[in-house]
Amino acid sequence: MSLTVRLPDEINFRLNSLVQQTGRTKSFYVRKAIEEKLEDLEDLYLGLAVLENVRSGKEEVLSSEEMWNGLDD
């Protein structure tokens, strides 16, 4: 898959500097940055989606007592 990203000048400058100093490609560093940050973004936004579902009644919440009792079954 191909992706085009427009970066602010400062970030592009820093990325170019890193590329020149290390000999790796821009794609390498962009891919690494996405891989490292994506899990945090998934946790945040999927958690917010669940919270919204709980608040709107679309998703049920169990008390800790209900949860532990369910594990005994």
# chains A, B, ... in the order shown; residues from 1 in each chain; ligands from 1

call {"tool": "residues_around", "arguments": {"residues": "Val5 of chain A", "least_positions_apart": "6", "cutoff": "12 Å", "atoms": "only C-alpha atoms", "output": "JSON list (two decimals) with all heavy atoms, in the first residue's frame"}}
result
[["chain", "number", "residue", "atom", "x", "y", "z"],
["A", 11, "ILE", "N", 9.25, 19.14, 10.97],
["A", 11, "ILE", "CA", 9.34, 17.67, 11.06],
["A", 11, "ILE", "C", 10.08, 17.12, 9.86],
["A", 11, "ILE", "O", 10.92, 16.22, 9.99],
["A", 11, "ILE", "CB", 7.94, 17.05, 11.21],
["A", 11, "ILE", "CG1", 7.35, 17.43, 12.56],
["A", 11, "ILE", "CG2", 7.99, 15.53, 11.05],
["A", 11, "ILE", "CD1", 5.94, 16.98, 12.78],
["A", 12, "ASN", "N", 9.81, 17.65, 8.69],
["A", 12, "ASN", "CA", 10.50, 17.20, 7.48],
["A", 12, "ASN", "C", 12.01, 17.46, 7.60],
["A", 12, "ASN", "O", 12.83, 16.62, 7.22],
["A", 12, "ASN", "CB", 9.92, 17.88, 6.25],
["A", 12, "ASN", "CG", 10.33, 17.20, 4.97],
["A", 12, "ASN", "OD1", 10.33, 15.97, 4.89],
["A", 12, "ASN", "ND2", 10.70, 17.98, 3.98],
["A", 26, "LYS", "N", 13.54, 7.56, 4.72],
["A", 26, "LYS", "CA", 12.41, 8.22, 5.38],
["A", 26, "LYS", "C", 11.31, 7.19, 5.68],
["A", 26, "LYS", "O", 10.71, 7.21, 6.75],
["A", 26, "LYS", "CB", 11.82, 9.32, 4.49],
["A", 26, "LYS", "CG", 12.59, 10.60, 4.48],
["A", 26, "LYS", "CD", 11.81, 11.63, 3.66],
["A", 26, "LYS", "CE", 12.50, 12.97, 3.67],
["A", 26, "LYS", "NZ", 11.72, 13.98, 2.95],
["A", 27, "SER", "N", 11.08, 6.30, 4.73],
["A", 27, "SER", "CA", 10.04, 5.29, 4.91],
["A", 27, "SER", "C", 10.30, 4.44, 6.14],
["A", 27, "SER", "O", 9.38, 4.09, 6.88],
["A", 27, "SER", "CB", 9.94, 4.38, 3.68],
["A", 27, "SER", "OG", 9.47, 5.10, 2.58],
["A", 30, "VAL", "N", 9.35, 6.62, 9.22],
["A", 30, "VAL", "CA", 7.91, 6.86, 9.29],
["A", 30, "VAL", "C", 7.19, 5.58, 9.70],
["A", 30, "VAL", "O", 6.30, 5.60, 10.56],
["A", 30, "VAL", "CB", 7.38, 7.41, 7.94],
["A", 30, "VAL", "CG1", 5.86, 7.44, 7.93],
["A", 30, "VAL", "CG2", 7.96, 8.79, 7.67],
["A", 31, "ARG", "N", 7.60, 4.45, 9.12],
["A", 31, "ARG", "CA", 7.00, 3.16, 9.48],
["A", 31, "ARG", "C", 7.23, 2.86, 10.97],
["A", 31, "ARG", "O", 6.32, 2.44, 11.69],
["A", 31, "ARG", "CB", 7.57, 2.06, 8.59],
["A", 31, "ARG", "CG", 6.88, 0.73, 8.73],
["A", 31, "ARG", "CD", 7.32, -0.32, 7.70],
["A", 31, "ARG", "NE", 8.72, -0.27, 7.35],
["A", 31, "ARG", "CZ", 9.21, 0.22, 6.19],
["A", 31, "ARG", "NH1", 8.40, 0.71, 5.28],
["A", 31, "ARG", "NH2", 10.51, 0.21, 5.95]]

call {"tool": "select_by_dssp", "arguments": {"residues": "chain A", "states": "alpha helix (DSSP H)", "output": "ChimeraX atom specification"}}
result
/A:9-22,26-55,64-71

call {"tool": "residues_around", "arguments": {"residues": "segment 13-19 of chain A", "least_positions_apart": "5", "cutoff": "12 Å", "atoms": "only C-alpha atoms", "output": "JSON, numbers by chain"}}
result
{"A": [7, 8, 24, 25, 26, 27, 28, 29, 30, 33]}

call {"tool": "write_last_selection", "arguments": {"atoms": "all heavy atoms", "output": "PDB file, in the first residue's frame"}}
result
ATOM      1  N   LEU A   7       4.186  16.673   5.620  1.00  0.00           N
ATOM      2  CA  LEU A   7       4.734  16.975   6.936  1.00  0.00           C
ATOM      3  C   LEU A   7       5.033  18.456   7.064  1.00  0.00           C
ATOM      4  O   LEU A   7       5.459  19.086   6.092  1.00  0.00           O
ATOM      5  CB  LEU A   7       6.032  16.190   7.157  1.00  0.00           C
ATOM      6  CG  LEU A   7       5.927  14.670   7.097  1.00  0.00           C
ATOM      7  CD1 LEU A   7       7.307  14.045   7.151  1.00  0.00           C
ATOM      8  CD2 LEU A   7       5.055  14.152   8.225  1.00  0.00           C
ATOM      9  N   PRO A   8       4.860  19.003   8.259  1.00  0.00           N
ATOM     10  CA  PRO A   8       5.282  20.384   8.482  1.00  0.00           C
ATOM     11  C   PRO A   8       6.792  20.505   8.226  1.00  0.00           C
ATOM     12  O   PRO A   8       7.544  19.532   8.391  1.00  0.00           O
ATOM     13  CB  PRO A   8       4.962  20.625   9.966  1.00  0.00           C
ATOM     14  CG  PRO A   8       3.956  19.580  10.322  1.00  0.00           C
ATOM     15  CD  PRO A   8       4.234  18.411   9.442  1.00  0.00           C
ATOM     16  N   ARG A  24      19.527   5.564   6.743  1.00  0.00           N
ATOM     17  CA  ARG A  24      18.261   4.840   6.567  1.00  0.00           C
ATOM     18  C   ARG A  24      17.302   5.708   5.756  1.00  0.00           C
ATOM     19  O   ARG A  24      17.540   6.891   5.570  1.00  0.00           O
ATOM     20  CB  ARG A  24      17.649   4.488   7.913  1.00  0.00           C
ATOM     21  CG  ARG A  24      18.483   3.488   8.702  1.00  0.00           C
ATOM     22  CD  ARG A  24      17.669   2.943   9.848  1.00  0.00           C
ATOM     23  NE  ARG A  24      18.420   2.003  10.656  1.00  0.00           N
ATOM     24  CZ  ARG A  24      18.371   0.688  10.500  1.00  0.00           C
ATOM     25  NH1 ARG A  24      17.633   0.154   9.544  1.00  0.00           N
ATOM     26  NH2 ARG A  24      19.059  -0.099  11.287  1.00  0.00           N
ATOM     27  N   THR A  25      16.186   5.129   5.326  1.00  0.00           N
ATOM     28  CA  THR A  25      15.236   5.860   4.496  1.00  0.00           C
ATOM     29  C   THR A  25      14.178   6.565   5.337  1.00  0.00           C
ATOM     30  O   THR A  25      13.940   6.205   6.500  1.00  0.00           O
ATOM     31  CB  THR A  25      14.512   4.910   3.515  1.00  0.00           C
ATOM     32  OG1 THR A  25      13.712   3.993   4.292  1.00  0.00           O
ATOM     33  CG2 THR A  25      15.492   4.158   2.639  1.00  0.00           C
ATOM     34  N   LYS A  26      13.539   7.559   4.719  1.00  0.00           N
ATOM     35  CA  LYS A  26      12.405   8.217   5.378  1.00  0.00           C
ATOM     36  C   LYS A  26      11.314   7.190   5.680  1.00  0.00           C
ATOM     37  O   LYS A  26      10.706   7.212   6.748  1.00  0.00           O
ATOM     38  CB  LYS A  26      11.823   9.321   4.493  1.00  0.00           C
ATOM     39  CG  LYS A  26      12.586  10.599   4.482  1.00  0.00           C
ATOM     40  CD  LYS A  26      11.815  11.631   3.658  1.00  0.00           C
ATOM     41  CE  LYS A  26      12.497  12.966   3.670  1.00  0.00           C
ATOM     42  NZ  LYS A  26      11.722  13.979   2.947  1.00  0.00           N
ATOM     43  N   SER A  27      11.077   6.303   4.730  1.00  0.00           N
ATOM     44  CA  SER A  27      10.035   5.288   4.912  1.00  0.00           C
ATOM     45  C   SER A  27      10.299   4.437   6.145  1.00  0.00           C
ATOM     46  O   SER A  27       9.379   4.086   6.879  1.00  0.00           O
ATOM     47  CB  SER A  27       9.944   4.383   3.677  1.00  0.00           C
ATOM     48  OG  SER A  27       9.472   5.102   2.580  1.00  0.00           O
ATOM     49  N   PHE A  28      11.564   4.103   6.388  1.00  0.00           N
ATOM     50  CA  PHE A  28      11.920   3.304   7.557  1.00  0.00           C
ATOM     51  C   PHE A  28      11.471   4.020   8.826  1.00  0.00           C
ATOM     52  O   PHE A  28      10.832   3.430   9.694  1.00  0.00           O
ATOM     53  CB  PHE A  28      13.425   3.052   7.601  1.00  0.00           C
ATOM     54  CG  PHE A  28      13.884   2.403   8.882  1.00  0.00           C
ATOM     55  CD1 PHE A  28      13.792   1.041   9.045  1.00  0.00           C
ATOM     56  CD2 PHE A  28      14.391   3.177   9.923  1.00  0.00           C
ATOM     57  CE1 PHE A  28      14.200   0.439  10.237  1.00  0.00           C
ATOM     58  CE2 PHE A  28      14.804   2.591  11.113  1.00  0.00           C
ATOM     59  CZ  PHE A  28      14.708   1.214  11.262  1.00  0.00           C
ATOM     60  N   TYR A  29      11.826   5.300   8.949  1.00  0.00           N
ATOM     61  CA  TYR A  29      11.505   6.036  10.171  1.00  0.00           C
ATOM     62  C   TYR A  29      10.025   6.333  10.315  1.00  0.00           C
ATOM     63  O   TYR A  29       9.481   6.283  11.429  1.00  0.00           O
ATOM     64  CB  TYR A  29      12.334   7.323  10.251  1.00  0.00           C
ATOM     65  CG  TYR A  29      13.777   7.018  10.539  1.00  0.00           C
ATOM     66  CD1 TYR A  29      14.769   7.278   9.596  1.00  0.00           C
ATOM     67  CD2 TYR A  29      14.164   6.439  11.735  1.00  0.00           C
ATOM     68  CE1 TYR A  29      16.100   6.974   9.850  1.00  0.00           C
ATOM     69  CE2 TYR A  29      15.488   6.136  12.004  1.00  0.00           C
ATOM     70  CZ  TYR A  29      16.447   6.408  11.062  1.00  0.00           C
ATOM     71  OH  TYR A  29      17.758   6.094  11.326  1.00  0.00           O
ATOM     72  N   VAL A  30       9.354   6.620   9.223  1.00  0.00           N
ATOM     73  CA  VAL A  30       7.914   6.862   9.287  1.00  0.00           C
ATOM     74  C   VAL A  30       7.195   5.581   9.703  1.00  0.00           C
ATOM     75  O   VAL A  30       6.299   5.597  10.556  1.00  0.00           O
ATOM     76  CB  VAL A  30       7.378   7.407   7.944  1.00  0.00           C
ATOM     77  CG1 VAL A  30       5.863   7.442   7.928  1.00  0.00           C
ATOM     78  CG2 VAL A  30       7.961   8.792   7.668  1.00  0.00           C
ATOM     79  N   ALA A  33       7.794   4.984  13.416  1.00  0.00           N
ATOM     80  CA  ALA A  33       7.007   5.913  14.233  1.00  0.00           C
ATOM     81  C   ALA A  33       5.546   5.473  14.298  1.00  0.00           C
ATOM     82  O   ALA A  33       4.929   5.507  15.367  1.00  0.00           O
ATOM     83  CB  ALA A  33       7.119   7.330  13.667  1.00  0.00           C
TER      84      ALA A  33
END

call {"tool": "atom_distance", "arguments": {"atom1": "atom CA of Leu71 of chain A", "atom2": "atom CA of Leu48 of chain A"}}
result
26.2 Å

call {"tool": "atom_distance", "arguments": {"atom1": "atom CA of Glu59 of chain A", "atom2": "atom CA of Leu46 of chain A"}}
result
13.3 Å
